[in-house]
Amino acid sequence: MPQMPALPHTAYIGLGANLGDAQATVRAALSALALLPQTRLQAQSSLYRSAPQDADGDDYVNAVAELQTALTPHELLARLQAIEAANGRERPYYHAPRTLDLDLLLYDDAALADATLTLPHPRLHLRAFALLPLLEIAADIAIPGIGPARPLLPTLAGQAIARL
């Protein structure tokens with residue numbers, strides 16, 4: 001079987017859900033990421049349970065996926081939003097409980113901000129539910145404009161998170 005050619009970009013996707021069967025939804029979303037065009041699912045973290053941050057509702061199930069992709073950041077974001085929509089994602093209000101949330105956390109070392117996308121994700125370094133699973137699959141990663149991610153983890157010790 002021929003090998004897939006190397007893909008030029010590395011992206012990290014944060015996954016979260018707290019409505020319905022959240023574990024099944026996150027697992028299905030990981031499968032959907034693996035099917036994206038010009039993209040390979042390179043790694044995925046364990047699933048984690050975390051309390052909502054600045055939000056209401058049940059605990060979240062979270063994970064992070066590493067993708068190798070030829071999609072641009074905006075193309076990838078559009079694909080992520082399509083996966084969310086296919087899983088019934090609605091946005092009735094800011095930080096509403098959700099069937100599925102897919103966040104583009106990092107894309108190579110890109111730093112950008114426009115009307116639809118900010119990279120790196122502006123709250124990545126403030127959220128244990130994103131940082132801990134990211135470090136599980138990318139132990140030495142640095143966040144552009146911030147620096148190495150691992151030393152940030154102790155500052156988030158007050159945020160409840162547990163591996164499932």
# chains A, B, ... in the order shown; residues from 1 in each chain; ligands from 1
call {"tool": "select_by_dssp", "arguments": {"residues": "segment 6-146 of chain A", "states": "helix (DSSP H, G or I)", "output": "ChimeraX atom specification"}}
result
/A:22-34,73-86,124-126,128-137
call {"tool": "select_by_dssp", "arguments": {"residues": "segment 7-163 of chain A", "states": "strand (DSSP E)", "output": "ChimeraX atom specification"}}
result
/A:9-17,39-44,48-50,60-69,101-107,112-113,118-119,142-143,147-148,161-163
call {"tool": "write_last_selection", "arguments": {"atoms": "C-alpha atoms", "output": "short mmCIF file (atom, residue, chain, number, x, y, z; two decimals), in the first residue's frame"}}
result
data_model
loop_
_atom_site.label_atom_id
_atom_site.label_comp_id
_atom_site.auth_asym_id
_atom_site.auth_seq_id
_atom_site.Cartn_x
_atom_site.Cartn_y
_atom_site.Cartn_z
CA HIS A 9 1.40 21.66 8.35
CA THR A 10 0.80 20.55 11.93
CA ALA A 11 -2.41 21.60 13.63
CA TYR A 12 -3.73 20.85 17.10
CA ILE A 13 -7.49 20.64 17.62
CA GLY A 14 -9.22 20.88 20.99
CA LEU A 15 -12.38 18.79 21.28
CA GLY A 16 -15.06 19.19 23.91
CA ALA A 17 -18.66 18.18 24.56
CA THR A 39 -5.27 15.56 6.35
CA ARG A 40 -3.97 12.76 8.54
CA LEU A 41 -4.85 12.24 12.21
CA GLN A 42 -1.35 11.95 13.67
CA ALA A 43 -2.11 11.59 17.39
CA GLN A 44 -4.92 11.91 19.89
CA TYR A 48 -10.53 13.98 30.06
CA ARG A 49 -13.41 15.16 32.22
CA SER A 50 -13.36 18.80 33.27
CA TYR A 60 -17.13 18.38 29.69
CA VAL A 61 -15.35 15.53 27.97
CA ASN A 62 -12.22 16.92 26.32
CA ALA A 63 -9.36 15.73 24.13
CA VAL A 64 -6.75 17.14 21.76
CA ALA A 65 -5.86 15.81 18.32
CA GLU A 66 -2.75 16.42 16.26
CA LEU A 67 -3.36 16.70 12.52
CA GLN A 68 -0.94 16.81 9.63
CA THR A 69 -2.68 18.77 6.90
CA ASP A 101 -16.87 22.15 20.27
CA LEU A 102 -13.83 21.95 18.00
CA ASP A 103 -11.18 24.62 18.48
CA LEU A 104 -8.15 25.17 16.28
CA LEU A 105 -5.58 25.61 19.04
CA LEU A 106 -2.34 25.79 17.08
CA TYR A 107 -1.35 25.72 13.42
CA LEU A 112 -2.77 35.56 13.35
CA ALA A 113 -5.96 37.33 14.26
CA THR A 118 -7.17 33.80 16.20
CA LEU A 119 -4.02 31.69 16.45
CA ALA A 142 5.69 25.90 22.71
CA ILE A 143 2.84 28.35 22.24
CA GLY A 147 6.74 30.09 25.10
CA PRO A 148 7.01 26.52 26.36
CA ILE A 161 -9.59 17.84 35.32
CA ALA A 162 -9.27 14.05 35.33
CA ARG A 163 -8.25 11.51 32.72
#
call {"tool": "residues_around", "arguments": {"residues": "Leu156 of chain A", "least_positions_apart": "4", "cutoff": "7 Å", "atoms": "only C-alpha atoms", "output": "list in words"}}
result
Leu126, Arg127 and Ala128 of chain A
call {"tool": "write_last_selection", "arguments": {"atoms": "N, CA and C atoms", "output": "PDB file, in the first residue's frame"}}
result
ATOM      1  N   LEU A 126      -4.608  29.257  29.307  1.00  0.00           N
ATOM      2  CA  LEU A 126      -5.379  29.505  30.526  1.00  0.00           C
ATOM      3  C   LEU A 126      -6.320  28.369  30.885  1.00  0.00           C
ATOM      4  N   ARG A 127      -6.347  27.314  30.076  1.00  0.00           N
ATOM      5  CA  ARG A 127      -7.340  26.265  30.229  1.00  0.00           C
ATOM      6  C   ARG A 127      -6.677  24.896  30.373  1.00  0.00           C
ATOM      7  N   ALA A 128      -6.802  24.311  31.557  1.00  0.00           N
ATOM      8  CA  ALA A 128      -6.239  22.984  31.792  1.00  0.00           C
ATOM      9  C   ALA A 128      -6.848  21.951  30.855  1.00  0.00           C
TER      10      ALA A 128
END
call {"tool": "residues_around", "arguments": {"residues": "Glu136 of chain A", "least_positions_apart": "3", "cutoff": "9 Å", "atoms": "only C-alpha atoms", "output": "list in words"}}
result
Gln44, Ser45, Ser46, Val64, Leu131, Leu132, Pro133 and Ala139 of chain A
call {"tool": "closest_residue", "arguments": {"among": "A:Leu80, A:Leu124, A:Ala70, A:Leu164", "to": "Ala6 of chain A", "atoms": "only C-alpha atoms"}}
result
A:Ala70
call {"tool": "atom_distance", "arguments": {"atom1": "atom CA of Gln23 of chain A", "atom2": "atom CA of Leu7 of chain A"}}
result
28.9 Å
call {"tool": "residues_around", "arguments": {"residues": "Ala86 of chain A", "least_positions_apart": "4", "cutoff": "10 Å", "atoms": "only C-alpha atoms", "output": "MDAnalysis selection string"}}
result
chainID A and resid 29 80:82 100
call {"tool": "write_last_selection", "arguments": {"atoms": "N, CA and C atoms", "output": "PDB file, in the first residue's frame"}}
result
ATOM      1  N   ALA A  29     -16.059  12.532  16.675  1.00  0.00           N
ATOM      2  CA  ALA A  29     -15.391  13.699  16.093  1.00  0.00           C
ATOM      3  C   ALA A  29     -13.936  13.388  15.753  1.00  0.00           C
ATOM      4  N   LEU A  80     -13.861  22.136  10.517  1.00  0.00           N
ATOM      5  CA  LEU A  80     -14.186  21.884  11.926  1.00  0.00           C
ATOM      6  C   LEU A  80     -15.608  22.336  12.236  1.00  0.00           C
ATOM      7  N   GLN A  81     -15.980  23.495  11.727  1.00  0.00           N
ATOM      8  CA  GLN A  81     -17.332  24.001  11.965  1.00  0.00           C
ATOM      9  C   GLN A  81     -18.384  23.119  11.292  1.00  0.00           C
ATOM     10  N   ALA A  82     -18.041  22.528  10.156  1.00  0.00           N
ATOM     11  CA  ALA A  82     -18.971  21.601   9.494  1.00  0.00           C
ATOM     12  C   ALA A  82     -19.163  20.337  10.338  1.00  0.00           C
ATOM     13  N   LEU A 100     -20.863  19.586  20.677  1.00  0.00           N
ATOM     14  CA  LEU A 100     -19.479  19.420  20.235  1.00  0.00           C
ATOM     15  C   LEU A 100     -18.862  20.783  20.005  1.00  0.00           C
TER      16      LEU A 100
END
call {"tool": "decode", "arguments": {"residues": "segment 65-138 of chain A", "atoms": "C-alpha atoms", "output": "CSV table (one decimal), in the first residue's frame"}}
result
chain,number,residue,atom,x,y,z
A,65,ALA,CA,-5.9,15.8,18.3
A,66,GLU,CA,-2.8,16.4,16.3
A,67,LEU,CA,-3.4,16.7,12.5
A,68,GLN,CA,-0.9,16.8,9.6
A,69,THR,CA,-2.7,18.8,6.9
A,70,ALA,CA,-2.4,20.6,3.6
A,71,LEU,CA,-5.5,22.7,4.4
A,72,THR,CA,-5.0,26.3,5.2
A,73,PRO,CA,-6.0,27.5,8.7
A,74,HIS,CA,-9.3,29.0,7.4
A,75,GLU,CA,-10.1,25.9,5.3
A,76,LEU,CA,-9.5,23.7,8.4
A,77,LEU,CA,-11.6,26.0,10.6
A,78,ALA,CA,-14.5,25.7,8.0
A,79,ARG,CA,-14.2,21.9,8.1
A,80,LEU,CA,-14.2,21.9,11.9
A,81,GLN,CA,-17.3,24.0,12.0
A,82,ALA,CA,-19.0,21.6,9.5
A,83,ILE,CA,-18.2,18.7,11.8
A,84,GLU,CA,-19.7,20.7,14.7
A,85,ALA,CA,-22.8,21.4,12.7
A,86,ALA,CA,-23.2,17.7,11.7
A,87,ASN,CA,-23.2,16.9,15.4
A,88,GLY,CA,-26.0,19.4,16.2
A,89,ARG,CA,-23.8,22.3,17.5
A,90,GLU,CA,-25.9,25.4,18.2
A,91,ARG,CA,-24.6,28.7,19.5
A,92,PRO,CA,-27.6,30.2,21.4
A,93,TYR,CA,-25.3,32.3,23.6
A,94,TYR,CA,-21.7,32.7,24.5
A,95,HIS,CA,-20.3,29.6,26.4
A,96,ALA,CA,-23.6,27.7,26.1
A,97,PRO,CA,-23.4,24.0,26.7
A,98,ARG,CA,-22.6,22.2,23.5
A,99,THR,CA,-22.9,18.9,21.7
A,100,LEU,CA,-19.5,19.4,20.2
A,101,ASP,CA,-16.9,22.1,20.3
A,102,LEU,CA,-13.8,21.9,18.0
A,103,ASP,CA,-11.2,24.6,18.5
A,104,LEU,CA,-8.2,25.2,16.3
A,105,LEU,CA,-5.6,25.6,19.0
A,106,LEU,CA,-2.3,25.8,17.1
A,107,TYR,CA,-1.3,25.7,13.4
A,108,ASP,CA,2.4,25.4,13.0
A,109,ASP,CA,3.9,28.5,14.6
A,110,ALA,CA,1.2,30.8,13.1
A,111,ALA,CA,0.2,33.9,15.0
A,112,LEU,CA,-2.8,35.6,13.3
A,113,ALA,CA,-6.0,37.3,14.3
A,114,ASP,CA,-8.8,38.2,11.9
A,115,ALA,CA,-12.6,38.3,12.1
A,116,THR,CA,-13.0,34.5,12.1
A,117,LEU,CA,-9.8,33.1,13.5
A,118,THR,CA,-7.2,33.8,16.2
A,119,LEU,CA,-4.0,31.7,16.4
A,120,PRO,CA,-2.8,30.5,18.8
A,121,HIS,CA,-6.2,30.0,20.5
A,122,PRO,CA,-6.3,33.0,22.8
A,123,ARG,CA,-7.2,31.1,25.9
A,124,LEU,CA,-5.1,27.9,25.3
A,125,HIS,CA,-2.6,28.8,28.0
A,126,LEU,CA,-5.4,29.5,30.5
A,127,ARG,CA,-7.3,26.3,30.2
A,128,ALA,CA,-6.2,23.0,31.8
A,129,PHE,CA,-8.8,21.1,29.7
A,130,ALA,CA,-6.9,22.1,26.5
A,131,LEU,CA,-3.3,22.3,27.9
A,132,LEU,CA,-3.1,19.0,29.7
A,133,PRO,CA,-4.3,16.8,26.7
A,134,LEU,CA,-2.1,18.9,24.4
A,135,LEU,CA,1.0,18.2,26.5
A,136,GLU,CA,0.1,14.5,26.6
A,137,ILE,CA,0.6,14.3,22.8
A,138,ALA,CA,3.2,17.1,22.4
